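Source file: target38.cif; contents: mmCIF, C-alpha atoms.
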data_data
#
loop_
_atom_site.label_atom_id
_atom_site.label_comp_id
_atom_site.auth_asym_id
_atom_site.auth_seq_id
_atom_site.Cartn_x
_atom_site.Cartn_y
_atom_site.Cartn_z
CA MET I 22 -68.37 -57.18 -77.22
CA GLY I 23 -69.52 -60.35 -78.99
CA PRO I 24 -72.39 -60.86 -81.44
CA GLN I 25 -75.78 -59.87 -80.09
CA PHE I 26 -77.98 -62.05 -82.31
CA GLY I 27 -78.98 -59.11 -84.54
CA THR I 28 -81.37 -57.65 -81.95
CA MET I 29 -79.63 -54.51 -80.76
CA GLY I 30 -81.16 -51.12 -81.42
CA ARG I 31 -84.61 -52.25 -82.51
CA GLN I 32 -87.78 -53.91 -81.30
CA MET I 33 -87.68 -57.59 -82.17
CA GLU I 34 -90.54 -58.99 -84.22
CA ASP I 35 -90.05 -62.72 -84.64
CA TYR I 36 -90.65 -64.50 -87.93
CA PRO I 37 -93.70 -66.83 -88.08
CA LEU I 38 -91.42 -69.87 -88.26
CA LYS I 39 -94.02 -72.44 -87.22
CA ASP I 40 -96.32 -71.29 -90.04
CA PHE I 41 -93.44 -71.40 -92.53
CA TYR I 42 -92.49 -74.98 -91.72
CA SER I 43 -96.08 -76.16 -91.53
CA ASP I 44 -96.50 -75.02 -95.13
CA ILE I 45 -93.29 -76.41 -96.66
CA TYR I 46 -92.83 -79.76 -94.89
CA THR I 47 -93.83 -81.85 -97.91
CA SER I 48 -91.18 -80.27 -100.16
CA TYR I 49 -88.53 -79.44 -97.54
CA ASP I 50 -86.30 -82.47 -98.11
CA ARG I 51 -86.50 -82.19 -101.90
CA VAL I 52 -85.52 -78.52 -101.85
CA ASN I 53 -82.59 -79.30 -99.52
CA ARG I 54 -81.28 -81.93 -101.93
CA ILE I 55 -81.57 -79.58 -104.89
CA PHE I 56 -79.99 -76.52 -103.34
CA THR I 57 -77.08 -78.29 -101.68
CA PHE I 58 -76.48 -80.44 -104.80
CA GLY I 59 -77.08 -83.47 -102.59
CA ARG I 60 -74.19 -82.59 -100.29
CA ASP I 61 -76.42 -82.18 -97.23
CA LEU I 62 -76.65 -85.98 -96.96
CA LYS I 63 -72.86 -86.30 -96.72
CA TRP I 64 -72.66 -83.40 -94.25
CA ARG I 65 -75.27 -85.01 -92.00
CA ARG I 66 -73.36 -88.29 -92.03
CA ARG I 67 -70.28 -86.38 -90.85
CA ALA I 68 -72.25 -84.59 -88.16
CA ALA I 69 -73.85 -87.84 -86.96
CA SER I 70 -70.43 -89.46 -86.71
CA GLU I 71 -69.19 -86.53 -84.62
CA CYS I 72 -72.25 -86.80 -82.38
CA LEU I 73 -71.61 -90.50 -81.78
CA ASP I 74 -67.85 -90.14 -81.34
CA PRO I 75 -67.97 -89.91 -77.51
CA ASP I 76 -70.23 -93.04 -77.42
CA PRO I 77 -73.27 -91.31 -75.86
CA ASP I 78 -76.15 -93.17 -74.22
CA LYS I 79 -78.70 -90.40 -74.84
CA VAL I 80 -78.79 -88.12 -77.92
CA LEU I 81 -81.09 -85.18 -78.60
CA ASP I 82 -81.68 -83.69 -82.06
CA VAL I 83 -82.90 -80.11 -81.62
CA CYS I 84 -85.05 -78.67 -84.43
CA THR I 85 -85.23 -82.18 -85.87
CA GLY I 86 -87.65 -81.17 -88.64
CA THR I 87 -88.34 -84.18 -90.84
CA GLY I 88 -85.84 -86.23 -88.85
CA ASP I 89 -82.99 -86.64 -91.33
CA PHE I 90 -80.23 -86.07 -88.78
CA ILE I 91 -81.51 -88.19 -85.89
CA LEU I 92 -82.43 -91.00 -88.30
CA GLU I 93 -78.86 -90.86 -89.62
CA VAL I 94 -77.64 -91.10 -86.01
CA ALA I 95 -79.94 -94.12 -85.60
CA SER I 96 -78.48 -95.79 -88.69
CA GLN I 97 -74.94 -95.36 -87.30
CA GLY I 98 -75.79 -95.86 -83.62
CA ARG I 99 -75.38 -98.94 -81.48
CA GLU I 100 -78.16 -101.03 -79.96
CA GLY I 101 -79.51 -99.59 -76.73
CA ILE I 102 -78.82 -95.93 -77.48
CA SER I 103 -81.67 -93.55 -76.60
CA LEU I 104 -82.56 -91.11 -79.41
CA THR I 105 -84.91 -88.14 -79.26
CA GLY I 106 -85.96 -85.74 -82.02
CA TYR I 107 -87.45 -82.44 -80.83
CA ASP I 108 -89.31 -79.84 -82.90
CA PHE I 109 -92.14 -77.31 -82.67
CA SER I 110 -93.80 -78.33 -85.95
CA LYS I 111 -96.42 -81.06 -85.75
CA THR I 112 -96.46 -81.54 -89.51
CA MET I 113 -92.67 -81.84 -89.76
CA LEU I 114 -92.71 -84.44 -86.99
CA GLN I 115 -95.44 -86.38 -88.78
CA GLU I 116 -93.11 -86.62 -91.78
CA ALA I 117 -90.24 -87.64 -89.48
CA ARG I 118 -92.32 -90.46 -87.98
CA ARG I 119 -93.33 -91.65 -91.45
CA LYS I 120 -89.68 -91.82 -92.49
CA GLN I 121 -88.79 -93.66 -89.28
CA GLN I 122 -91.46 -96.26 -89.95
CA LEU I 123 -90.04 -96.88 -93.43
CA MET I 124 -86.55 -97.13 -91.95
CA GLN I 125 -87.71 -99.64 -89.31
CA GLU I 126 -89.24 -101.79 -92.02
CA ARG I 127 -85.89 -101.92 -93.85
CA ASN I 128 -83.54 -102.53 -90.92
CA SER I 129 -83.29 -102.84 -87.15
CA ALA I 130 -81.91 -99.38 -86.33
CA PRO I 131 -82.53 -98.05 -82.80
CA PRO I 132 -85.96 -96.40 -82.41
CA VAL I 133 -86.37 -92.62 -82.16
CA GLU I 134 -88.83 -90.82 -79.92
CA PHE I 135 -90.15 -87.66 -81.57
CA VAL I 136 -91.35 -84.93 -79.19
CA GLU I 137 -93.20 -81.72 -80.06
CA GLY I 138 -92.35 -78.58 -78.12
CA ASP I 139 -90.60 -75.23 -77.77
CA VAL I 140 -86.79 -75.17 -77.55
CA GLY I 141 -87.11 -72.27 -75.13
CA ALA I 142 -88.81 -74.55 -72.56
CA MET I 143 -87.80 -78.16 -73.13
CA PRO I 144 -89.46 -80.89 -71.01
CA PHE I 145 -86.18 -82.61 -70.10
CA GLU I 146 -84.23 -82.76 -66.85
CA ASP I 147 -80.98 -80.86 -66.32
CA ASP I 148 -77.87 -82.62 -67.68
CA HIS I 149 -80.08 -85.29 -69.30
CA PHE I 150 -78.37 -85.83 -72.67
CA ASP I 151 -74.83 -87.00 -73.40
CA ALA I 152 -74.80 -85.48 -76.90
CA MET I 153 -76.90 -83.06 -78.88
CA GLY I 154 -77.10 -82.21 -82.56
CA ILE I 155 -78.76 -79.44 -84.52
CA THR I 156 -78.52 -79.34 -88.31
CA PHE I 157 -79.60 -76.26 -90.27
CA GLY I 158 -81.74 -75.19 -87.33
CA ILE I 159 -79.70 -73.09 -84.95
CA ARG I 160 -80.04 -69.97 -87.09
CA ASN I 161 -83.81 -70.25 -86.58
CA LEU I 162 -83.15 -70.08 -82.84
CA VAL I 163 -80.73 -67.15 -82.80
CA TYR I 164 -81.04 -65.19 -86.07
CA GLN I 165 -83.17 -62.11 -85.32
CA ASN I 166 -85.00 -64.12 -82.65
CA SER I 167 -86.09 -62.44 -79.42
CA LYS I 168 -85.60 -65.70 -77.49
CA ALA I 169 -82.05 -66.35 -78.73
CA SER I 170 -80.44 -66.33 -75.28
CA GLN I 171 -83.24 -68.45 -73.84
CA HIS I 172 -82.83 -71.07 -76.57
CA LEU I 173 -79.08 -71.35 -76.01
CA SER I 174 -79.57 -71.50 -72.24
CA GLU I 175 -82.03 -74.38 -72.56
CA MET I 176 -79.72 -76.32 -74.86
CA TYR I 177 -76.92 -75.83 -72.34
CA ARG I 178 -79.17 -76.89 -69.45
CA VAL I 179 -80.28 -80.27 -70.83
CA LEU I 180 -76.77 -81.31 -71.96
CA ARG I 181 -74.59 -82.95 -69.33
CA PRO I 182 -71.21 -81.46 -68.39
CA GLY I 183 -68.67 -82.68 -70.93
CA GLY I 184 -71.44 -83.48 -73.41
CA HIS I 185 -70.96 -82.65 -77.08
CA LEU I 186 -73.09 -80.23 -79.09
CA VAL I 187 -72.71 -80.78 -82.85
CA ILE I 188 -73.85 -77.97 -85.15
CA LEU I 189 -74.21 -78.15 -88.93
CA GLU I 190 -75.33 -74.81 -90.29
CA SER I 191 -75.07 -72.22 -93.04
CA SER I 192 -72.14 -69.88 -92.63
CA ARG I 193 -70.92 -66.58 -94.04
CA PRO I 194 -67.77 -67.44 -96.05
CA ASP I 195 -64.49 -65.72 -95.20
CA SER I 196 -63.54 -65.37 -98.87
CA ALA I 197 -64.94 -62.11 -100.29
CA ILE I 198 -65.15 -63.60 -103.79
CA TRP I 199 -67.02 -66.73 -102.73
CA ARG I 200 -69.16 -64.65 -100.34
CA PHE I 201 -70.27 -62.53 -103.31
CA PHE I 202 -71.32 -65.53 -105.44
CA ASN I 203 -72.89 -67.26 -102.44
CA SER I 204 -74.90 -64.11 -101.70
CA ILE I 205 -76.14 -63.88 -105.31
CA TYR I 206 -77.24 -67.50 -105.16
CA LEU I 207 -79.08 -67.06 -101.86
CA GLN I 208 -80.65 -63.71 -102.75
CA PHE I 209 -81.78 -64.24 -106.32
CA ILE I 210 -82.00 -67.98 -106.99
CA LEU I 211 -82.82 -70.05 -103.90
CA PRO I 212 -85.86 -68.09 -102.62
CA TYR I 213 -87.67 -68.03 -105.96
CA LEU I 214 -87.02 -71.63 -106.98
CA GLY I 215 -87.75 -72.76 -103.44
CA GLY I 216 -90.95 -70.73 -103.53
CA VAL I 217 -92.00 -72.33 -106.82
CA ILE I 218 -91.31 -75.86 -105.58
CA SER I 219 -92.92 -75.37 -102.14
CA GLY I 220 -95.62 -72.84 -103.00
CA ASN I 221 -94.44 -70.55 -100.18
CA LEU I 222 -92.20 -67.73 -101.36
CA LYS I 223 -92.19 -65.99 -97.95
CA ALA I 224 -90.78 -69.04 -96.21
CA TYR I 225 -87.91 -69.39 -98.65
CA ARG I 226 -87.21 -65.68 -98.63
CA TYR I 227 -86.67 -66.02 -94.89
CA LEU I 228 -84.58 -69.20 -95.21
CA ALA I 229 -82.39 -67.65 -97.90
CA SER I 230 -82.01 -64.36 -96.03
CA SER I 231 -81.13 -66.05 -92.73
CA SER I 232 -78.53 -68.19 -94.54
CA ARG I 233 -77.04 -65.23 -96.41
CA ASN I 234 -76.81 -62.97 -93.35
CA TYR I 235 -75.90 -65.58 -90.77
CA TYR I 236 -72.74 -65.56 -88.69
CA SER I 237 -69.29 -66.65 -89.77
CA ILE I 238 -67.82 -69.76 -88.21
CA GLY I 239 -65.74 -67.59 -85.87
CA GLU I 240 -68.76 -65.58 -84.74
CA MET I 241 -70.72 -68.76 -84.13
CA GLY I 242 -67.91 -70.02 -81.93
CA GLN I 243 -67.93 -66.78 -79.95
CA ILE I 244 -71.69 -67.00 -79.40
CA LEU I 245 -71.37 -70.56 -78.11
CA GLU I 246 -68.52 -69.63 -75.78
CA GLU I 247 -70.60 -66.78 -74.37
CA ALA I 248 -73.35 -69.34 -73.72
CA GLY I 249 -70.94 -71.48 -71.68
CA PHE I 250 -69.62 -73.95 -74.26
CA MET I 251 -66.02 -74.67 -75.20
CA ILE I 252 -65.25 -75.09 -78.91
CA GLY I 253 -63.71 -78.45 -79.70
CA LYS I 254 -63.79 -78.32 -83.51
CA SER I 255 -64.68 -75.75 -86.16
CA GLU I 256 -64.56 -76.86 -89.78
CA PRO I 257 -65.73 -74.92 -92.85
CA LEU I 258 -67.48 -76.94 -95.56
CA PHE I 259 -68.40 -76.09 -99.15
CA LEU I 260 -65.84 -73.24 -99.32
CA GLY I 261 -67.12 -71.82 -96.04
CA SER I 262 -70.83 -71.67 -96.98
CA VAL I 263 -71.51 -74.31 -94.34
CA MET I 264 -69.96 -74.85 -90.90
CA LEU I 265 -69.47 -77.95 -88.80
CA VAL I 266 -68.88 -77.01 -85.15
CA VAL I 267 -68.41 -79.33 -82.19
CA ALA I 268 -68.80 -77.64 -78.80
CA VAL I 269 -68.46 -79.11 -75.32
CA LYS I 270 -70.42 -78.09 -72.22
CA ASN I 271 -67.99 -76.83 -69.59
#
What is this structure when it is put down as structure tokens?
Amino acid sequence: MGPQFGTMGRQMEDYPLKDFYSDIYTSYDRVNRIFTFGRDLKWRRRAASECLDPDPDKVLDVCTGTGDFILEVASQGREGISLTGYDFSKTMLQEARRKQQLMQERNSAPPVEFVEGDVGAMPFEDDHFDAMGITFGIRNLVYQNSKASQHLSEMYRVLRPGGHLVILESSRPDSAIWRFFNSIYLQFILPYLGGVISGNLKAYRYLASSSRNYYSIGEMGQILEEAGFMIGKSEPLFLGSVMLVVAVKN
């Protein structure tokens, strides 16, 4: 039996994720830069390149947050490509639109449409997108989340057959030694410094805990296969603390 999203044997009580992100949106990017030592920018460039590899006409960024990933896709994308960023947080999307406006003033990258809504009920037609990306967001959809299966089903629904799903996410390292040090970092350092910077300790306790306890790259692949995807690429980054996974809709 494969992973069950951490919900078996207990009544699920979802985290107040929308409240968390509404509180930390102004410091979210800064904290990401600090706690990944700036590597998240390089990882997003890699993920954007993977997303654009099949030359898609329509790309969706799920859990777009402040828009870093879809704006990176825009900077690499060709003229005429349709780009959509989707998120449930109005304040995060406001920041994403502000960053897009600054980007448009600097260059002529393709525009991005930012849409607010629930991943469990997306307002898009079946098989609508050629490619989809989600960076440091899928654990919010499946980690101790009562709607995990619904979220994965919706992502599968709106992606066309043969379309690519690119995931960049925290991962549980295979190495026991590195897993120990990674766990110390996520349990005792990240939540408190993130809390100081953002002013919301609860939000960063959740973010650190979900990163520390999240699936390994192999388990993530199994979850995606159970949802109907075929794994095309699985690559550990940062000694296995981060995963880059490319899945294809069967």
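Of the residues listed (I:Pro37, I:Gly98, I:Gly138, I:Pro257), I:Gly98 shows the shortest atom-to-atom separation from Lys79 (chain I); distances use only C-alpha atoms.
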Residues matched by the PyMOL selection byres ((chain I and resi 238) around 8) as a PDB file with C-alpha atoms, keeping the file's coordinate frame:
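As written to disk, expr.pdb reads:
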ATOM      1  CA  SER I 192     -72.140 -69.880 -92.630  1.00  0.00           C
ATOM      2  CA  ARG I 193     -70.920 -66.580 -94.040  1.00  0.00           C
ATOM      3  CA  TYR I 236     -72.740 -65.560 -88.690  1.00  0.00           C
ATOM      4  CA  SER I 237     -69.290 -66.650 -89.770  1.00  0.00           C
ATOM      5  CA  GLY I 239     -65.740 -67.590 -85.870  1.00  0.00           C
ATOM      6  CA  GLU I 240     -68.760 -65.580 -84.740  1.00  0.00           C
ATOM      7  CA  MET I 241     -70.720 -68.760 -84.130  1.00  0.00           C
ATOM      8  CA  GLY I 242     -67.910 -70.020 -81.930  1.00  0.00           C
ATOM      9  CA  SER I 255     -64.680 -75.750 -86.160  1.00  0.00           C
ATOM     10  CA  GLU I 256     -64.560 -76.860 -89.780  1.00  0.00           C
ATOM     11  CA  PRO I 257     -65.730 -74.920 -92.850  1.00  0.00           C
ATOM     12  CA  MET I 264     -69.960 -74.850 -90.900  1.00  0.00           C
ATOM     13  CA  VAL I 266     -68.880 -77.010 -85.150  1.00  0.00           C
TER      14      VAL I 266
END
Choose the residue, out of I:Ala117, I:Tyr107, I:Leu189, I:Ser262, that has the smallest atom-to-atom separation from Phe202 (chain I); count all atoms listed in the file.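 Checking each candidate against Phe202 (chain I), we get I:Ser262 as the closest.
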Step by step: start from the point (-95.5, -80.6, -99.0) in the file's coordinates, keep every protein, DNA or RNA residue that has an atom no farther than 10 Å from it, count all atoms listed in the file, and write the set as an MDAnalysis selection string. chainID I and resid 42:51 112:113 116 218:220
Spell out the residues picked by the PyMOL selection byres ((chain I and resi 104) around 6) here, as a ChimeraX atom specification. /I:80,103,105,133
Take the residues just selected and output them with C-alpha atoms as a PDB file, in the coordinates of the input.
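As written to disk, selection_32.pdb reads:
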ATOM      1  CA  VAL I  80     -78.790 -88.120 -77.920  1.00  0.00           C
ATOM      2  CA  SER I 103     -81.670 -93.550 -76.600  1.00  0.00           C
ATOM      3  CA  THR I 105     -84.910 -88.140 -79.260  1.00  0.00           C
ATOM      4  CA  VAL I 133     -86.370 -92.620 -82.160  1.00  0.00           C
TER       5      VAL I 133
END
Grab the CA of Thr87 (chain I) to CA of Ser204 (chain I) distance for me, in Å with one decimal place.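 Atom-to-atom, CA of Thr87 (chain I) to CA of Ser204 (chain I), that is 26.5 Å.
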Among the residues I:Ser167, I:Ser232, I:Ser70, I:Ser96, the one that comes closest to Ile205 (chain I) [using only C-alpha atoms]: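 Of I:Ser167, I:Ser232, I:Ser70, I:Ser96, the one nearest Ile205 (chain I), counting only C-alpha atoms, is I:Ser232.
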